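Q: Attaching a single structure in structure tokens format; questions to follow.
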Amino acid sequence: MAKNLLIVESPAKAKTIEKYLGKDFIVKSSIGHIRDLPEKGIGIDIEHDFAPDYVVSPDKKKVVSELKKLAKEAETVWLATDEDREGEAIAWHLLSELGVDEKKTRRVVYHEITKSAIEEAIKNPRSIDRALVDAQQARRILDRLVGYELSPVLWRKVKPSLSAGRVQSVAVRLIVEREREVNGFVAVPYFKVDGLFNANDTNFHAELDKRYDNEQQAHEFLTKINGAEFSVKDLEKKPAKRSPSAPFTTSTLQQEASRKLSFSVLQTMRVAQGLYERGDITYMRTDSVNLSQQAINGAKEEIEKTFGAKYAQTRQYKTKSSSAQEAHEAIRPTDFSAKEIEGHNDNERRLYDLIRKRTIASQMANAEIEKTTITISQNKTQDNFIATGEVILFDGFLRVYSESDDDTDEQENSETLPLLKVNQKVNFAEANATQRFPSSLPRYTEASLVKKLEALGIGRPSTYAPTISTVQKRGYVVKESKEGTPRPYKVITLKNGTVTSATKTEITGAEKAKLFPTDIGSVVTDFLIENFGEILDYNFTANVEEEFDIIAEGKLSWTKMLKKFYTPFHITVEKATAVKEKASGEKLLGQDANGKNVYVKIGRYGPMVQIGDFNPDEEGETKPEDKPKYSKLRADQRMETITLEEALNLFKMPRKVGIYEEQEMAAGIGRFGPYIRHDGKFYSIPKEDDVYTIGEERAIEIIKDKRQKEIEKNIKTFAHDPEIRVLKGRFGPYITMDKKNYKIPKGKEASELTLEECLEIIKNDTSAGKKKRGFTPRKKAKE
DNA sequence: CAGTGAGCGAGCTTCCGCTTGACTT
């Protein structure tokens with residue numbers, strides 16, 4: 001029987017530590033929190049100092065009973081959960097739930113999973129820090145009060161099953177407000193002038209040191225400098241250095257994996273979890289940029305071996321975020337010499353490579369750069385052209401890793417400039433004044449939202465990915481890509497002594513995997529800001545965190561803090577509940593041809609347009625012809641941006657188009673876009689046709705086309721078994737049976753397949769049994 | 001999938017932060 005039971009939070013960590021401690025120790029994990037407030041009901045006795053009703057979580061019953069048994073048999077129970085607020089609380093819950101004498105328990109802490117750190121921790125046990133536990137209770141209970149009192153208000157005022165909370169509601173607010181900024185942004189165009197020069201047989205670009213507001217000014221300037229002589233007025237060389245970024249935390253890993261690998265934050269965490277479980281990387285949910293001494297030595301050794309001693313420069317980074325609790329190390333490889341990892345899929349290899357390079361780069365020398373600025377003047381006006389270039393004198397960490405940036409174009413500064421002298425003449429080739437449109441701040445991606453939340457101190461490494469899932473699951477936010485629209489712009493060119501003007505076209509407004517608010521998201525946000533401004537304030541979390549810190553220092557009672565918060569909060573909840581009207585986001589768009597009011601609002605089934613008002617007579621009756629008319633918004637329309645004309649157009653659908661084969665044809669817009677409906681069948685209307693004006697003749701053409709394609713699609717059918725068909729699809733021929741599709745093996749001619757061969761292919765198909773790997777929610781979604 | 005729409009209302013929904021596991025064909 002083992003004398004010692006040591007409990008940590010993560011099973012993978014338990015395995016590692018067990019190796020370090022030897023046979024006198026049995027190491028087990030709690031798998032996170034073991035107790036919590038009950039899921040049903042508030043679970044807090046508010047009248048009696050917010051006494052919480054903790055219950056063992058249903059999915060932790062097994063773990064707890066096993067730990068209980070082992071704890072009883074052990075001489076000493078070591079509570080080795082993380083050294084932060086949540087970890088301290090887990091230790092305290094374990095102590096009270098396992099039913100062992102406190103005298104035979106020890107609390108130990110460490111910041112890194114190394115043999116020396118664990119042994120050192122065992123030598124220095126302490127007792128449980130009750131003040132820190134109280135701070136956690138205050139955090140937990142405040143979140144429950146906010147979440148479970150605000151959500152029911154939304155059920156009454158907006159729609160059932162909605163939710164609100166300290167973290168998610170602010171996340172949605174960020175997205176709603178950014179969308180309004182983007183939509184309200186008016187781009188005031190300007191002209192920038194770019195010159196192409198040649199000197200020492202090298203072409204190079206230089207930009208004019210001023211911009212013009214309009215085409216006329218730009219034109220005038222180019223006309224003025226026609227025939228000018230250009231020379232180097234000034235030359236400046238400045239040394240600069242660039243330093244590597246800190247090793248990864250959860251948030252920075254999510255951002256870089258998004259930019260460099262196009263991973264969603266959930267995908268990043270899933271892949272990292274796999275790497276962690278196999279022992280390839282350290283823990284992936286961390287807010288610390290710290291590396292253990294052992295890790296720094298490992299990185300240094302690897303750098304010296306691969307690149308030479310002058311490339312190594314060890315550093316210890318400091319965390320910028322004030323909310324950080326730093327219970328773990330930064331995310332790093334466990335073994336720096338492992339360049340390639342065995343037995344992993346492509347995504348795991350790519351993420352591992354990113355983590356390894358980032359960590360190694362963080363311990364490498366600065367890059368040394370020489371920045372060159374060349375000022376070119378001319379003899380016609382006082383204006384100068386400026387060329388900038390960069391030469392890397394010593395690549396340092398750049399040899400391994402360079403961080404991506406969300407906001408800037410990376411292709412600039414890539415030009416090599418010729419070696420010039422002051423007063424040297426340069427040859428002018430051409431100059432272009434190009435019309436540019438400034439852009440608004442970009443919409444958030446999942447990863448840039450995480451970055452913003454972290455900067456505000458909202459949420460924790462373990463919750464970034466789930467929060468982003470929650471706001472999407474509730475229908476507040478959608479992740480979407482959008483095709484851009486063409487926009488004309490002017491280019492004025494001076495070349496060969498003449499100035500010419502041309503109009504070109506660029507694509508603008510294209511978006512890839514960006515977060516957009518839904519109408520529900522906007523309406524809920526407006527409602528919450530109006531009624532619960534304090535909670536929706538970007539500083540709310542920071543403010544309560546300050547108080548949690550004071551509680552953790554033992555200088556404030558957690559129940560007092562909660563009471564001070566809850567009393568006024570609860571009054572606003574009751575006030576908001578007492579107001580009968582729904583929060584529908586109703587907006588008057590204008591009047592239709594008959595002078596009836598046209599509104600957009602959220603109805604029972606989502607956003608809609610309403611024409612007309614209710615005007616009941618004395619008996620409270622409304623005549624049927626006076627009742628308002630309704631139409632749902634299309635999927636691509638938003639309450640905030642729909643125009644009166646677009647709203648009225650919705651009522652023109654579905655529209656009678658004509659008769660074909662004695663059946664009526666109607667045009668409409670469905671979930672998959674514009675369609676013609678005929679004899680119960682739907683035919684998509686191609687992009688080049690207008691659903692509002694399409695005529696009978698064209699509609700019949702579309703129907704005939706579709707039928708023809710249907711016929712061509714059938715490569716082969718079998719009289720014996722009409723269920724099985726060989727079809728032509730987007731990716732080539734395939735076999736279909738019972739709504740499932742099967743690939744045709746290479747080397748077989750589709751049109752010559754026999755029924756037996758088809759059955760053989762279907763039988764041998766293996767793709768159906770594929771299992772999806774990943775996390776599923778604790779509770780199964782009811783759908 | 002191809003479209004509904006006030007009001008009345010049973011009984012349901014919900015938070016944040018720790019952490020992974022998988023009844024049978």
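In the structure tokens, the first chain shown is A, the next is B, and so on; residue numbers restart at 1 for each chain, and ligands run from 1 in the order shown.
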Contacts of Leu727 of chain A at 6 Å or less, counting only C-alpha atoms (C1' of nucleotides), minus same-chain residues fewer than 5 places along, as a PyMOL selection string?

A: chain A and resi 713-715+733-734

Q: Pull the helix (DSSP H, G or I) assignments for segment 288-454 of chain A out of DSSP run on the backbone, and list those residues as a PyMOL selection string.

A: chain A and resi 293-307+309-311+346-362+396-399+446-454

Q: Wanna dump the chain B-chain A contacts at 7 Å for me, each residue with its shortest atom pair and the distance in Å to one decimal, counting only C-alpha atoms (C1' of nucleotides), ordered by chain and number, as CSV?

A:
residue,atom,partner,partner_atom,distance
B:DC1,C1',A:Arg671,CA,6.7
B:DA2,C1',A:Gly670,CA,5.3
B:DG5,C1',A:Gly603,CA,6.2
B:DT13,C1',A:Ser161,CA,4.1
B:DT14,C1',A:Ser151,CA,5.4
B:DC15,C1',A:Gly147,CA,3.9
B:DC16,C1',A:Asp143,CA,6.0
B:DG17,C1',A:Thr463,CA,6.9
B:DC18,C1',A:Gly32,CA,4.2
B:DT19,C1',A:Gly32,CA,3.8
B:DT20,C1',A:Ile31,CA,6.7

Q: Distance atom CA of Val109 of chain A-atom CA of Glu454 of chain A, one decimal place?

A: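 Distance between the two atoms: 25.2 Å.
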
Q: So that I can see what lies close to segment 68-76 of chain A, please list as an MDAnalysis selection string the residues with an atom at most 8 Å from it, counting only C-alpha atoms (C1' of nucleotides) and leaving out residues fewer than 5 positions away in the same chain.

A: chainID A and resid 1:5 98:100 104:106

Q: Would you pick out the contacts of Glu430 of chain A at 12 Å or less, using only C-alpha atoms (C1' of nucleotides), so that residues sharing its chain but fewer than 2 positions from it are not included, and give the list as a PyMOL selection string?

A: chain A and resi 193-198+203-207+222+225-228+230+427-428+432-433+492-500

Q: Using Å and a single decimal, report how far atom CA of Lys371 of chain A sits from atom CA of Val391 of chain A.

A: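 Interatomic distance here is 6.5 Å.
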
Q: What's the separation between atom CA of Lys115 of chain A and atom CA of Thr16 of chain A, in Å to one decimal place?

A: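 Interatomic distance here is 9.3 Å.
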
Q: So that I can check the secondary structure, give me every residue of segment 197-235 of chain A assigned strand (DSSP E) by backbone DSSP, as a PyMOL selection string.

A: chain A and resi 197-199+202-208+230-235

Q: Residues of the last selection are to be written out with N, CA, C and O atoms, as a compact mmCIF listing (two decimals), in the first residue's frame.

A:
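See part.txt below for the written result:
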# COMPACT_ATOMS: atom_id res chain seq x y z
N PHE A 197 12.00 54.74 -60.06
CA PHE A 197 13.28 55.34 -60.45
C PHE A 197 14.28 54.26 -60.82
O PHE A 197 14.07 53.06 -60.55
N ASN A 198 15.38 54.73 -61.44
CA ASN A 198 16.45 53.81 -61.75
C ASN A 198 17.79 54.49 -61.49
O ASN A 198 18.00 55.65 -61.84
N ALA A 199 18.66 53.74 -60.80
CA ALA A 199 20.02 54.24 -60.58
C ALA A 199 20.92 53.03 -60.45
O ALA A 199 20.49 52.00 -59.91
N THR A 202 19.56 49.67 -61.23
CA THR A 202 18.58 49.03 -60.35
C THR A 202 17.30 49.87 -60.31
O THR A 202 17.38 51.10 -60.15
N ASN A 203 16.17 49.22 -60.47
CA ASN A 203 14.89 49.91 -60.32
C ASN A 203 14.50 49.96 -58.85
O ASN A 203 14.72 49.01 -58.11
N PHE A 204 13.91 51.06 -58.42
CA PHE A 204 13.38 51.12 -57.05
C PHE A 204 12.23 52.11 -56.96
O PHE A 204 12.09 53.01 -57.79
N HIS A 205 11.39 51.92 -55.96
CA HIS A 205 10.22 52.77 -55.75
C HIS A 205 10.49 53.79 -54.66
O HIS A 205 11.24 53.53 -53.75
N ALA A 206 9.81 54.93 -54.79
CA ALA A 206 9.85 55.92 -53.72
C ALA A 206 8.50 56.62 -53.68
O ALA A 206 7.89 56.86 -54.72
N GLU A 207 8.04 56.92 -52.47
CA GLU A 207 6.71 57.53 -52.35
C GLU A 207 6.82 59.01 -52.05
O GLU A 207 7.67 59.44 -51.25
N LEU A 208 5.94 59.77 -52.64
CA LEU A 208 5.92 61.22 -52.40
C LEU A 208 5.58 61.49 -50.94
O LEU A 208 4.75 60.80 -50.34
N PHE A 230 15.83 64.61 -61.20
CA PHE A 230 15.76 64.05 -59.85
C PHE A 230 17.16 63.72 -59.34
O PHE A 230 18.00 63.23 -60.10
N SER A 231 17.37 64.00 -58.05
CA SER A 231 18.67 63.64 -57.47
C SER A 231 18.51 63.31 -55.99
O SER A 231 17.51 63.66 -55.36
N VAL A 232 19.52 62.65 -55.48
CA VAL A 232 19.49 62.24 -54.07
C VAL A 232 19.79 63.45 -53.20
O VAL A 232 20.85 64.05 -53.31
N LYS A 233 18.86 63.81 -52.35
CA LYS A 233 19.03 64.97 -51.49
C LYS A 233 19.63 64.56 -50.16
O LYS A 233 20.43 65.26 -49.58
N ASP A 234 19.20 63.41 -49.71
CA ASP A 234 19.64 62.99 -48.37
C ASP A 234 19.65 61.47 -48.29
O ASP A 234 18.85 60.80 -48.93
N LEU A 235 20.56 60.98 -47.49
CA LEU A 235 20.71 59.54 -47.31
C LEU A 235 20.82 59.27 -45.82
O LEU A 235 21.63 59.90 -45.15

Q: Would you pick out the contacts of Pro438 of chain A at 8 Å or less, using only C-alpha atoms (C1' of nucleotides), so that residues sharing its chain but fewer than 2 positions from it are not included, and give the list as a VMD selection string?

A: chain A and resid 187 to 189 436 440
